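*Asks:* Next up, data-v8.cif (mmCIF, C-alpha atoms and all ligand atoms).
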```
data_final
loop_
_atom_site.group_PDB
_atom_site.id
_atom_site.type_symbol
_atom_site.label_atom_id
_atom_site.label_comp_id
_atom_site.auth_asym_id
_atom_site.auth_seq_id
_atom_site.Cartn_x
_atom_site.Cartn_y
_atom_site.Cartn_z
ATOM 1 C CA MET A 780 13.817 -4.423 24.617
ATOM 2 C CA ALA A 781 11.844 -2.723 21.839
ATOM 3 C CA ALA A 782 10.754 0.515 23.523
ATOM 4 C CA GLY A 783 11.241 3.523 21.251
ATOM 5 C CA LYS A 784 12.491 1.373 18.396
ATOM 6 C CA GLN A 785 11.217 0.956 14.880
ATOM 7 C CA ILE A 786 9.222 -2.313 14.884
ATOM 8 C CA ILE A 787 9.741 -4.413 11.741
ATOM 9 C CA LEU A 788 8.195 -7.777 10.817
ATOM 10 C CA VAL A 789 9.884 -9.958 8.184
ATOM 11 C CA THR A 790 7.915 -13.055 7.139
ATOM 12 C CA GLY A 791 9.781 -16.226 6.143
ATOM 13 C CA ALA A 792 12.777 -14.954 8.106
ATOM 14 C CA ASN A 793 14.445 -18.273 8.923
ATOM 15 C CA SER A 794 16.288 -18.624 5.616
ATOM 16 C CA GLY A 795 17.532 -16.949 2.438
ATOM 17 C CA ILE A 796 16.550 -13.357 1.764
ATOM 18 C CA GLY A 797 14.390 -13.144 4.913
ATOM 19 C CA LEU A 798 17.251 -14.248 7.152
ATOM 20 C CA ASP A 799 19.768 -11.843 5.620
ATOM 21 C CA THR A 800 17.186 -9.056 5.721
ATOM 22 C CA ALA A 801 16.525 -9.665 9.428
ATOM 23 C CA TYR A 802 20.264 -9.365 10.087
ATOM 24 C CA TYR A 803 20.776 -6.258 7.942
ATOM 25 C CA LEU A 804 17.822 -4.519 9.599
ATOM 26 C CA ALA A 805 19.105 -5.483 13.049
ATOM 27 C CA LYS A 806 22.408 -3.743 12.292
ATOM 28 C CA ALA A 807 20.668 -0.489 13.296
ATOM 29 C CA ALA A 808 20.395 -0.084 17.071
ATOM 30 C CA SER A 809 17.101 1.753 16.513
ATOM 31 C CA ASN A 810 15.413 -1.325 14.988
ATOM 32 C CA HIS A 811 13.591 -4.250 16.586
ATOM 33 C CA VAL A 812 13.208 -7.030 14.026
ATOM 34 C CA ILE A 813 10.522 -9.677 14.452
ATOM 35 C CA MET A 814 11.343 -12.835 12.551
ATOM 36 C CA GLY A 815 8.072 -14.412 11.347
ATOM 37 C CA VAL A 816 8.611 -18.178 10.964
ATOM 38 C CA ARG A 817 6.265 -21.097 10.375
ATOM 39 C CA SER A 818 8.585 -23.521 12.193
ATOM 40 C CA LEU A 819 9.644 -22.309 15.639
ATOM 41 C CA GLU A 820 12.398 -24.926 15.654
ATOM 42 C CA LYS A 821 13.958 -23.598 12.450
ATOM 43 C CA GLY A 822 13.254 -20.071 13.665
ATOM 44 C CA GLN A 823 15.076 -20.570 16.962
ATOM 45 C CA ARG A 824 18.157 -21.852 15.100
ATOM 46 C CA ALA A 825 18.032 -18.806 12.809
ATOM 47 C CA LEU A 826 17.568 -16.417 15.740
ATOM 48 C CA ASP A 827 20.509 -17.970 17.621
ATOM 49 C CA GLN A 828 22.632 -17.669 14.489
ATOM 50 C CA LEU A 829 21.844 -13.969 14.083
ATOM 51 C CA ARG A 830 22.204 -13.117 17.772
ATOM 52 C CA ALA A 831 25.639 -14.795 17.756
ATOM 53 C CA ARG A 832 26.690 -12.079 15.274
ATOM 54 C CA LYS A 833 25.802 -9.512 17.960
ATOM 55 C CA PRO A 834 23.921 -6.917 15.881
ATOM 56 C CA PRO A 835 23.258 -3.618 17.707
ATOM 57 C CA GLY A 836 19.510 -3.889 17.096
ATOM 58 C CA THR A 837 17.212 -6.445 18.721
ATOM 59 C CA LEU A 838 15.504 -9.541 17.334
ATOM 60 C CA SER A 839 12.615 -11.765 18.357
ATOM 61 C CA LEU A 840 10.615 -14.685 16.944
ATOM 62 C CA LEU A 841 6.959 -14.869 15.983
ATOM 63 C CA ALA A 842 5.127 -18.036 14.921
ATOM 64 C CA LEU A 843 3.532 -17.162 11.587
ATOM 65 C CA ASP A 844 2.362 -19.464 8.813
ATOM 66 C CA VAL A 845 1.033 -17.083 6.178
ATOM 67 C CA SER A 846 -1.098 -19.813 4.589
ATOM 68 C CA ASN A 847 -3.108 -20.223 7.789
ATOM 69 C CA ASP A 848 -5.651 -17.635 8.993
ATOM 70 C CA GLU A 849 -5.542 -18.817 12.607
ATOM 71 C CA SER A 850 -1.794 -18.377 12.646
ATOM 72 C CA ILE A 851 -2.116 -14.892 11.105
ATOM 73 C CA HIS A 852 -4.712 -13.795 13.654
ATOM 74 C CA ALA A 853 -2.745 -15.205 16.601
ATOM 75 C CA ALA A 854 0.393 -13.423 15.340
ATOM 76 C CA ALA A 855 -1.504 -10.140 14.944
ATOM 77 C CA LYS A 856 -2.864 -10.415 18.491
ATOM 78 C CA LYS A 857 0.616 -10.981 19.860
ATOM 79 C CA LEU A 858 2.034 -8.045 17.893
ATOM 80 C CA GLU A 859 -0.711 -5.810 19.218
ATOM 81 C CA ALA A 860 -0.162 -6.946 22.804
ATOM 82 C CA ASP A 861 3.642 -6.715 22.639
ATOM 83 C CA PHE A 862 4.131 -3.566 20.542
ATOM 84 C CA GLY A 863 0.783 -1.898 19.742
ATOM 85 C CA ARG A 864 2.090 -0.854 16.293
ATOM 86 C CA LEU A 865 4.074 -2.080 13.312
ATOM 87 C CA ASP A 866 6.367 0.339 11.471
ATOM 88 C CA VAL A 867 7.434 -1.923 8.608
ATOM 89 C CA LEU A 868 5.952 -5.126 7.182
ATOM 90 C CA VAL A 869 8.182 -7.126 4.836
ATOM 91 C CA ASN A 870 6.024 -9.736 3.069
ATOM 92 C CA ASN A 871 8.899 -12.024 2.107
ATOM 93 C CA ALA A 872 7.674 -15.624 2.681
ATOM 94 C CA GLY A 873 7.230 -17.411 -0.612
ATOM 95 C CA ASN A 874 7.486 -20.641 -2.528
ATOM 96 C CA GLN A 875 8.241 -21.513 -6.128
ATOM 97 C CA ILE A 876 6.509 -24.458 -7.745
ATOM 98 C CA GLN A 877 7.894 -24.893 -11.204
ATOM 99 C CA PRO A 878 5.944 -26.914 -13.779
ATOM 100 C CA ARG A 879 4.948 -25.113 -16.964
ATOM 101 C CA PHE A 880 1.451 -26.639 -16.656
ATOM 102 C CA PRO A 881 0.621 -26.589 -12.926
ATOM 103 C CA THR A 882 -2.179 -28.665 -11.428
ATOM 104 C CA ARG A 883 -5.013 -27.048 -9.495
ATOM 105 C CA GLU A 884 -3.310 -28.203 -6.310
ATOM 106 C CA GLN A 885 0.004 -26.614 -7.323
ATOM 107 C CA LEU A 886 -1.756 -23.378 -8.234
ATOM 108 C CA ARG A 887 -3.516 -23.383 -4.853
ATOM 109 C CA GLU A 888 -0.322 -24.075 -2.937
ATOM 110 C CA THR A 889 1.478 -21.279 -4.752
ATOM 111 C CA PHE A 890 -1.281 -18.717 -4.294
ATOM 112 C CA GLU A 891 -1.897 -19.650 -0.629
ATOM 113 C CA THR A 892 1.638 -18.594 0.274
ATOM 114 C CA ASN A 893 2.557 -15.986 -2.334
ATOM 115 C CA VAL A 894 -0.762 -14.153 -2.631
ATOM 116 C CA TYR A 895 -3.492 -14.995 -0.096
ATOM 117 C CA GLY A 896 -0.925 -15.017 2.731
ATOM 118 C CA PRO A 897 0.453 -11.504 2.226
ATOM 119 C CA VAL A 898 -3.016 -10.152 1.395
ATOM 120 C CA ILE A 899 -4.694 -11.484 4.556
ATOM 121 C CA LEU A 900 -1.685 -10.695 6.742
ATOM 122 C CA THR A 901 -1.457 -7.112 5.466
ATOM 123 C CA GLN A 902 -5.196 -6.510 5.834
ATOM 124 C CA THR A 903 -5.080 -7.882 9.379
ATOM 125 C CA LEU A 904 -2.140 -5.665 10.313
ATOM 126 C CA ILE A 905 -3.399 -2.398 8.763
ATOM 127 C CA PRO A 906 -4.535 -0.988 12.151
ATOM 128 C CA LEU A 907 -1.071 -1.621 13.622
ATOM 129 C CA ILE A 908 0.673 -0.208 10.538
ATOM 130 C CA THR A 909 -1.404 2.963 10.454
ATOM 131 C CA ALA A 910 -0.796 3.391 14.207
ATOM 132 C CA SER A 911 2.985 3.544 13.577
ATOM 133 C CA GLN A 912 5.380 6.239 12.395
ATOM 134 C CA GLY A 913 7.005 4.072 9.704
ATOM 135 C CA LYS A 914 3.915 2.955 7.737
ATOM 136 C CA LYS A 915 5.874 0.898 5.192
ATOM 137 C CA ILE A 916 4.870 -2.309 3.386
ATOM 138 C CA ILE A 917 7.406 -4.121 1.205
ATOM 139 C CA ASN A 918 6.016 -6.963 -0.908
ATOM 140 C CA VAL A 919 8.825 -9.248 -2.065
ATOM 141 C CA SER A 920 7.847 -9.984 -5.646
ATOM 142 C CA SER A 921 9.858 -11.035 -8.699
ATOM 143 C CA GLU A 922 10.655 -9.680 -12.130
ATOM 144 C CA LEU A 923 9.142 -12.975 -13.313
ATOM 145 C CA GLY A 924 5.780 -11.454 -12.328
ATOM 146 C CA SER A 925 6.185 -8.457 -14.649
ATOM 147 C CA ILE A 926 3.592 -8.739 -17.426
ATOM 148 C CA THR A 927 5.300 -5.982 -19.433
ATOM 149 C CA ALA A 928 8.641 -7.825 -19.363
ATOM 150 C CA GLY A 929 7.125 -11.280 -19.806
ATOM 151 C CA SER A 930 5.105 -10.297 -22.860
ATOM 152 C CA ASN A 931 8.212 -8.884 -24.589
ATOM 153 C CA PRO A 932 9.703 -11.645 -26.797
ATOM 154 C CA ASP A 933 13.114 -9.987 -26.512
ATOM 155 C CA PHE A 934 13.174 -10.107 -22.700
ATOM 156 C CA TYR A 935 14.802 -13.031 -20.901
ATOM 157 C CA THR A 936 11.696 -13.854 -18.845
ATOM 158 C CA HIS A 937 9.506 -14.337 -21.955
ATOM 159 C CA GLN A 938 9.908 -18.119 -22.132
ATOM 160 C CA ASN A 939 10.344 -18.766 -18.406
ATOM 161 C CA PRO A 940 8.140 -21.779 -17.564
ATOM 162 C CA PHE A 941 7.258 -21.147 -13.877
ATOM 163 C CA THR A 942 3.606 -20.416 -14.659
ATOM 164 C CA ALA A 943 2.069 -20.542 -11.170
ATOM 165 C CA TYR A 944 4.920 -18.599 -9.595
ATOM 166 C CA ARG A 945 4.814 -15.897 -12.256
ATOM 167 C CA MET A 946 1.035 -15.549 -11.973
ATOM 168 C CA SER A 947 1.300 -15.315 -8.186
ATOM 169 C CA LYS A 948 3.862 -12.505 -8.299
ATOM 170 C CA ALA A 949 1.783 -10.609 -10.899
ATOM 171 C CA ALA A 950 -1.173 -10.885 -8.499
ATOM 172 C CA LEU A 951 0.984 -9.719 -5.592
ATOM 173 C CA ASN A 952 2.034 -6.734 -7.705
ATOM 174 C CA MET A 953 -1.595 -5.762 -8.222
ATOM 175 C CA PHE A 954 -2.083 -6.048 -4.463
ATOM 176 C CA SER A 955 0.802 -3.586 -4.000
ATOM 177 C CA THR A 956 -0.873 -1.055 -6.295
ATOM 178 C CA THR A 957 -4.317 -1.428 -4.726
ATOM 179 C CA THR A 958 -2.929 -1.227 -1.178
ATOM 180 C CA TYR A 959 -0.957 1.890 -2.029
ATOM 181 C CA ALA A 960 -3.973 3.514 -3.690
ATOM 182 C CA HIS A 961 -6.201 2.722 -0.700
ATOM 183 C CA LEU A 962 -3.755 3.716 2.050
ATOM 184 C CA LYS A 963 -1.463 6.443 0.689
ATOM 185 C CA ASP A 964 -3.709 9.183 2.055
ATOM 186 C CA GLN A 965 -3.059 7.738 5.516
ATOM 187 C CA GLY A 966 0.688 8.050 4.891
ATOM 188 C CA VAL A 967 1.288 4.364 4.087
ATOM 189 C CA LYS A 968 4.014 3.612 1.529
ATOM 190 C CA VAL A 969 3.955 0.340 -0.421
ATOM 191 C CA TRP A 970 6.477 -1.176 -2.813
ATOM 192 C CA SER A 971 6.694 -4.331 -4.874
ATOM 193 C CA PHE A 972 10.341 -5.301 -4.651
ATOM 194 C CA CYS A 973 12.271 -7.790 -6.788
ATOM 195 C CA PRO A 974 15.239 -9.109 -4.795
ATOM 196 C CA GLY A 975 17.124 -10.164 -7.945
ATOM 197 C CA PHE A 976 18.414 -13.598 -8.815
ATOM 198 C CA VAL A 977 20.170 -14.675 -5.633
ATOM 199 C CA VAL A 978 21.465 -17.845 -4.004
ATOM 200 C CA THR A 979 18.874 -19.289 -1.605
ATOM 201 C CA ASP A 980 17.009 -22.562 -1.025
ATOM 202 C CA LEU A 981 14.031 -21.398 -3.140
ATOM 203 C CA ALA A 982 12.656 -24.437 -5.032
ATOM 204 C CA GLY A 983 15.558 -26.468 -3.605
ATOM 205 C CA GLN A 984 17.933 -24.983 -6.160
ATOM 206 C CA ARG A 985 20.753 -23.474 -4.119
ATOM 207 C CA GLU A 986 23.562 -25.115 -6.087
ATOM 208 C CA GLY A 987 21.946 -24.585 -9.482
ATOM 209 C CA ARG A 988 21.442 -20.913 -8.697
ATOM 210 C CA ALA A 989 25.061 -20.405 -7.719
ATOM 211 C CA ALA A 990 26.185 -22.188 -10.908
ATOM 212 C CA MET A 991 23.970 -19.870 -12.968
ATOM 213 C CA GLY A 992 25.646 -16.778 -11.548
ATOM 214 C CA ALA A 993 23.105 -15.775 -8.894
ATOM 215 C CA GLU A 994 24.404 -13.179 -6.448
ATOM 216 C CA SER A 995 24.418 -13.286 -2.643
ATOM 217 C CA SER A 996 21.055 -12.738 -0.955
ATOM 218 C CA GLU A 997 22.840 -10.084 1.105
ATOM 219 C CA THR A 998 22.455 -7.831 -1.961
ATOM 220 C CA SER A 999 18.663 -8.207 -1.607
ATOM 221 C CA ALA A 1000 18.873 -7.528 2.140
ATOM 222 C CA GLN A 1001 20.876 -4.349 1.521
ATOM 223 C CA ALA A 1002 18.223 -3.124 -0.922
ATOM 224 C CA ILE A 1003 15.420 -3.805 1.589
ATOM 225 C CA LEU A 1004 17.430 -1.917 4.223
ATOM 226 C CA ASP A 1005 17.647 1.018 1.789
ATOM 227 C CA ILE A 1006 13.839 1.014 1.448
ATOM 228 C CA VAL A 1007 13.356 0.866 5.219
ATOM 229 C CA GLU A 1008 15.843 3.725 5.679
ATOM 230 C CA GLY A 1009 13.773 5.914 3.339
ATOM 231 C CA LYS A 1010 16.159 5.923 0.372
ATOM 232 C CA ARG A 1011 13.407 4.751 -2.022
ATOM 233 C CA ASP A 1012 10.535 6.812 -0.567
ATOM 234 C CA ALA A 1013 10.104 8.741 -3.819
ATOM 235 C CA GLU A 1014 9.378 5.413 -5.555
ATOM 236 C CA ALA A 1015 6.526 4.363 -3.242
ATOM 237 C CA GLY A 1016 3.685 2.805 -5.211
ATOM 238 C CA THR A 1017 6.032 1.352 -7.839
ATOM 239 C CA PHE A 1018 7.880 -1.899 -8.618
ATOM 240 C CA ILE A 1019 11.564 -1.605 -7.765
ATOM 241 C CA GLY A 1020 14.687 -3.749 -7.622
ATOM 242 C CA ARG A 1021 18.226 -3.725 -6.275
ATOM 243 C CA TYR A 1022 20.766 -1.180 -7.501
ATOM 244 C CA ASP A 1023 18.121 1.569 -7.840
ATOM 245 C CA ALA A 1024 16.269 -0.391 -10.549
ATOM 246 C CA GLN A 1025 12.706 0.428 -11.600
ATOM 247 C CA ILE A 1026 10.835 -2.607 -12.962
ATOM 248 C CA PRO A 1027 7.844 -2.312 -15.308
ATOM 249 C CA TRP A 1028 4.586 -3.771 -14.022
HETATM 250 N N1 LIG A 1101 16.015 -16.302 -4.544
HETATM 251 C C1 LIG A 1101 15.709 -15.578 -5.621
HETATM 252 O O1 LIG A 1101 16.482 -15.507 -6.604
HETATM 253 C C2 LIG A 1101 14.408 -14.820 -5.662
HETATM 254 C C3 LIG A 1101 14.132 -14.052 -6.797
HETATM 255 C C4 LIG A 1101 12.952 -13.330 -6.848
HETATM 256 C C5 LIG A 1101 12.077 -13.365 -5.775
HETATM 257 N N2 LIG A 1101 12.361 -14.134 -4.672
HETATM 258 C C6 LIG A 1101 11.394 -14.103 -3.557
HETATM 259 O O2 LIG A 1101 12.081 -13.909 -2.341
HETATM 260 C C7 LIG A 1101 11.295 -14.424 -1.255
HETATM 261 C C8 LIG A 1101 12.175 -15.240 -0.324
HETATM 262 O O3 LIG A 1101 12.637 -16.387 -1.001
HETATM 263 P P1 LIG A 1101 14.109 -16.992 -0.837
HETATM 264 O O4 LIG A 1101 14.732 -16.956 -2.169
HETATM 265 O O5 LIG A 1101 14.788 -16.377 0.316
HETATM 266 O O6 LIG A 1101 13.760 -18.532 -0.572
HETATM 267 P P2 LIG A 1101 13.848 -19.435 0.740
HETATM 268 O O7 LIG A 1101 15.213 -19.429 1.300
HETATM 269 O O8 LIG A 1101 13.237 -20.726 0.326
HETATM 270 O O9 LIG A 1101 12.914 -18.679 1.775
HETATM 271 C C9 LIG A 1101 11.514 -18.766 1.752
HETATM 272 C C10 LIG A 1101 11.039 -18.540 3.163
HETATM 273 O O10 LIG A 1101 9.614 -18.486 3.143
HETATM 274 C C11 LIG A 1101 9.159 -19.330 4.192
HETATM 275 N N3 LIG A 1101 7.801 -19.807 3.926
HETATM 276 C C12 LIG A 1101 7.361 -20.584 2.908
HETATM 277 N N4 LIG A 1101 6.053 -20.812 3.054
HETATM 278 C C13 LIG A 1101 5.658 -20.174 4.175
HETATM 279 C C14 LIG A 1101 4.431 -20.017 4.859
HETATM 280 N N5 LIG A 1101 3.302 -20.603 4.428
HETATM 281 N N6 LIG A 1101 4.401 -19.239 5.975
HETATM 282 C C15 LIG A 1101 5.508 -18.646 6.425
HETATM 283 N N7 LIG A 1101 6.713 -18.774 5.856
HETATM 284 C C16 LIG A 1101 6.776 -19.522 4.735
HETATM 285 C C17 LIG A 1101 10.165 -20.466 4.253
HETATM 286 O O11 LIG A 1101 10.046 -21.154 5.494
HETATM 287 P P3 LIG A 1101 10.437 -22.720 5.649
HETATM 288 O O12 LIG A 1101 11.925 -22.747 5.847
HETATM 289 O O13 LIG A 1101 9.661 -23.146 6.829
HETATM 290 O O14 LIG A 1101 10.042 -23.395 4.362
HETATM 291 C C18 LIG A 1101 11.440 -19.676 4.121
HETATM 292 O O15 LIG A 1101 11.809 -19.106 5.349
HETATM 293 C C19 LIG A 1101 10.154 -15.223 -1.907
HETATM 294 O O16 LIG A 1101 8.968 -14.447 -1.875
HETATM 295 C C20 LIG A 1101 10.639 -15.401 -3.340
HETATM 296 O O17 LIG A 1101 9.575 -15.532 -4.263
HETATM 297 C C21 LIG A 1101 13.504 -14.848 -4.597
#
```
Using the file provided, produce a representation of the structure as structure tokens.

*Replies:*
Amino acid sequence: MAAGKQIILVTGANSGIGLDTAYYLAKAASNHVIMGVRSLEKGQRALDQLRARKPPGTLSLLALDVSNDESIHAAAKKLEADFGRLDVLVNNAGNQIQPRFPTREQLRETFETNVYGPVILTQTLIPLITASQGKKIINVSSELGSITAGSNPDFYTHQNPFTAYRMSKAALNMFSTTTYAHLKDQGVKVWSFCPGFVVTDLAGQREGRAAMGAESSETSAQAILDIVEGKRDAEAGTFIGRYDAQIPW
């Protein structure tokens, strides 16, 4: 099913940006997209939904809870056994916990998924990534994690109250820069990518997002497809967004 194809893993692929991204990537017959999901039940429904649209590429499911090391190591073992390489890793799974003054527990929950998860998963998969042709890592971040933008009183994110979320995406951004610095000589390209303000279930706010003018998450999926297709290669090592945007760290 996947022989000769580009092997791509998208975490948190059962909904929102991850789901649309899995579909957009599977539109290319040369791609095999692995949908990383923490609930196989939700994942199977998502997989059935995408297969019903008959994309030319292929899709499969992988149990993967990024907040759990056992799950990460089991997923890595399966990837190695099934494919022996990983061309593209899309670290998309995330949560958004919103209080301005988060508790220790809320900080932990946020960082487990948005920071420790992608860090441990990426480190575990480096041998498979460096064994591939693609060698791409896309960390789905947020403009809310930009310290340059957030410290500018004239910028719209300045007063945004999602403290834990913003800290987590700033930390993920630093992980993008360190990973790129450490691996670029082996041909690995890394981006922090802001998918824009789009309609998804993030923080249970689908309707509120739509009312506030959020765009379709297909716009985020298209931008991730552009990265995978090499259209943003010259921007490796930087923080980018949809519509060719460059975002300040
Ligand atoms: N929507 C926006 O406007 C926006 C803007 C900027 C950045 N982002 C980023 O985009 C990414 C995707 O979010 P979304 O908007 O598409 O929200 P979403 O629809 O809520 O999707 C989040 C996905 O992450 C999964 N997930 C959560 N915790 C996980 C874990 N521990 N292990 C594995 N998967 C886990 C969820 O799975 P379950 O269904 O099992 O919970 C879900 O599939 C996030 O990193 C988010 O920070 C979104």

*Asks:* List every residue of chain A that has an atom at most 8 Å from any atom of ligand LIG 1101 (chain A), giving for each one its closest atom pair and the distance in Å to one decimal, counting all atoms listed in the file, sorted by chain and then by ascending residue number, as CSV.

*Replies:*
```
residue,atom,partner,partner_atom,distance
A:Thr790,CA,A:LIG1101,N7,6.0
A:Gly791,CA,A:LIG1101,O15,3.6
A:Ala792,CA,A:LIG1101,O15,5.1
A:Asn793,CA,A:LIG1101,O15,4.5
A:Ser794,CA,A:LIG1101,O15,4.5
A:Gly795,CA,A:LIG1101,O5,3.5
A:Ile796,CA,A:LIG1101,O5,3.8
A:Gly797,CA,A:LIG1101,O5,5.6
A:Leu798,CA,A:LIG1101,O15,7.5
A:Gly815,CA,A:LIG1101,C15,7.0
A:Val816,CA,A:LIG1101,N7,5.5
A:Arg817,CA,A:LIG1101,C15,4.7
A:Ser818,CA,A:LIG1101,O13,5.5
A:Lys821,CA,A:LIG1101,O12,7.0
A:Leu843,CA,A:LIG1101,C15,5.7
A:Asp844,CA,A:LIG1101,N6,3.5
A:Val845,CA,A:LIG1101,N6,4.0
A:Ser846,CA,A:LIG1101,N5,4.5
A:Asn847,CA,A:LIG1101,N5,7.2
A:Asn870,CA,A:LIG1101,O16,7.4
A:Asn871,CA,A:LIG1101,O16,4.7
A:Ala872,CA,A:LIG1101,O10,3.5
A:Gly873,CA,A:LIG1101,O16,3.7
A:Asn874,CA,A:LIG1101,C12,5.4
A:Gln875,CA,A:LIG1101,O17,6.4
A:Glu891,CA,A:LIG1101,N5,7.3
A:Thr892,CA,A:LIG1101,N5,4.9
A:Asn893,CA,A:LIG1101,O16,6.6
A:Gly896,CA,A:LIG1101,N5,7.2
A:Val919,CA,A:LIG1101,O16,5.2
A:Ser920,CA,A:LIG1101,C5,5.4
A:Ser921,CA,A:LIG1101,C4,4.3
A:Glu922,CA,A:LIG1101,C4,6.8
A:Leu923,CA,A:LIG1101,C4,7.5
A:Tyr944,CA,A:LIG1101,O17,7.7
A:Lys948,CA,A:LIG1101,O17,7.6
A:Cys973,CA,A:LIG1101,C4,5.6
A:Pro974,CA,A:LIG1101,C4,5.2
A:Gly975,CA,A:LIG1101,C3,5.0
A:Phe976,CA,A:LIG1101,O1,3.5
A:Val977,CA,A:LIG1101,O1,3.9
A:Val978,CA,A:LIG1101,N1,5.7
A:Thr979,CA,A:LIG1101,O7,4.7
A:Asp980,CA,A:LIG1101,O7,4.3
A:Leu981,CA,A:LIG1101,O8,3.6
A:Ala982,CA,A:LIG1101,O8,6.5
A:Gly983,CA,A:LIG1101,O8,7.3
A:Arg988,CA,A:LIG1101,O1,7.6
A:Ala993,CA,A:LIG1101,O1,7.0
A:Ser996,CA,A:LIG1101,N1,7.1
```

*Asks:* Enumerate, as a list in words, the residues matched when the PyMOL selection byres (((chain A and resi 886) around 9) and not hetatm) is run on the file above.

*Replies:*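 With the shown file as input, the PyMOL selection byres (((chain A and resi 886) around 9) and not hetatm) matches Ile876, Pro881, Thr882, Arg883, Glu884, Gln885, Arg887, Glu888, Thr889, Phe890, Glu891, Thr942, Ala943, Tyr944 and Ser947 of chain A.
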
*Asks:* Could you list the residues chosen by the PyMOL selection byres (((chain A and resi 853) around 12) and not hetatm) in this structure as a list in words?

*Replies:* Leu841, Ala842, Leu843, Asp844, Val845, Asn847, Asp848, Glu849, Ser850, Ile851, His852, Ala854, Ala855, Lys856, Lys857, Leu858, Glu859, Ala860, Leu900, Thr903 and Leu904 of chain A

*Asks:* Determine the nearest neighbour of Ala928 (chain A) from the options A:Asn952, A:Ile1026, A:Lys784, A:Ser839, counting all atoms listed in the file.

*Replies:*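 Result for the nearest residue to Ala928 (chain A): A:Ile1026.
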
*Asks:* Build an axis-aligned box that encloses every atom of region 977-989 of chain A listed in the file, pad it by 8 Å on each side, and report its centre and edge lengths in Å to one decimal, as AutoDock Vina command-line options.

*Replies:*
```
--center_x 18.9 --center_y -20.6 --center_z -5.3 --size_x 28.4 --size_y 27.8 --size_z 24.5
```

*Asks:* Between CA of Val898 (chain A) and CA of Lys915 (chain A), what is the distance, to one decimal in Å?

*Replies:*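 Those two atoms sit 14.7 Å apart.
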
*Asks:* Written as a ChimeraX atom specification, which residues does the PyMOL selection byres (((chain A and resi 835) around 7) and not hetatm) give for the file shown?

*Replies:* /A:805-808,833-834,836-837

*Asks:* Hey, can you check how far CA of Thr956 (chain A) sits from CA of Gly863 (chain A)?

*Replies:*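 CA of Thr956 (chain A) sits 26.1 Å away from CA of Gly863 (chain A).
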
*Asks:* In terms of the shortest atom-to-atom distance over all atoms listed in the file, which of A:Gly924, A:Gly1009, A:Pro932, A:Gly992 is closest to Phe972 (chain A)?

*Replies:* A:Gly924

*Asks:* How far is it from CA of Leu962 (chain A) to CA of Ser809 (chain A), in Å with one decimal?

*Replies:* 25.5 Å

*Asks:* Would you kindly return, as a PDB file with C-alpha atoms, keeping the file's coordinate frame, each protein, DNA or RNA residue with an atom no farther than 9 Å from any atom of Ala782 (chain A), considering all atoms listed in the file and excluding same-chain residues fewer than 3 positions away?

*Replies:*
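Just written: part02.pdb:
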```
ATOM      1  CA  GLN A 785      11.217   0.956  14.880  1.00  0.00           C
ATOM      2  CA  HIS A 811      13.591  -4.250  16.586  1.00  0.00           C
ATOM      3  CA  PHE A 862       4.131  -3.566  20.542  1.00  0.00           C
TER       4      PHE A 862
END
```

*Asks:* Compare A:Gly913, A:Arg864, A:Ile905, A:Ser925 by their minimum atom-to-atom distance to His961 (chain A), counting all atoms listed in the file, and give me the closest one.

*Replies:*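 Of A:Gly913, A:Arg864, A:Ile905, A:Ser925, the one nearest His961 (chain A) is A:Ile905, counting all atoms listed in the file.
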
*Asks:* A:Ile813, A:Val867, A:Val894, A:Ile916: which is nearest Leu951 (chain A), counting all atoms listed in the file?

*Replies:*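 Closest candidate: A:Val894.
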
*Asks:* Could you check which of A:Tyr959, A:Phe954, A:Phe941, A:Phe934 is closest to Pro1027 (chain A), using only C-alpha atoms?

*Replies:*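 Between A:Tyr959, A:Phe954, A:Phe941, A:Phe934, the residue approaching Pro1027 (chain A) most closely is A:Phe934.
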
*Asks:* Step by step: start from the point (-0.3, -10.8, -14.9) in the file's coordinates, keep every protein, DNA or RNA residue that has an atom no farther than 6 Å from it, count all atoms listed in the file, and write the set as a VMD selection string.

*Replies:* chain A and resid 926 946 949
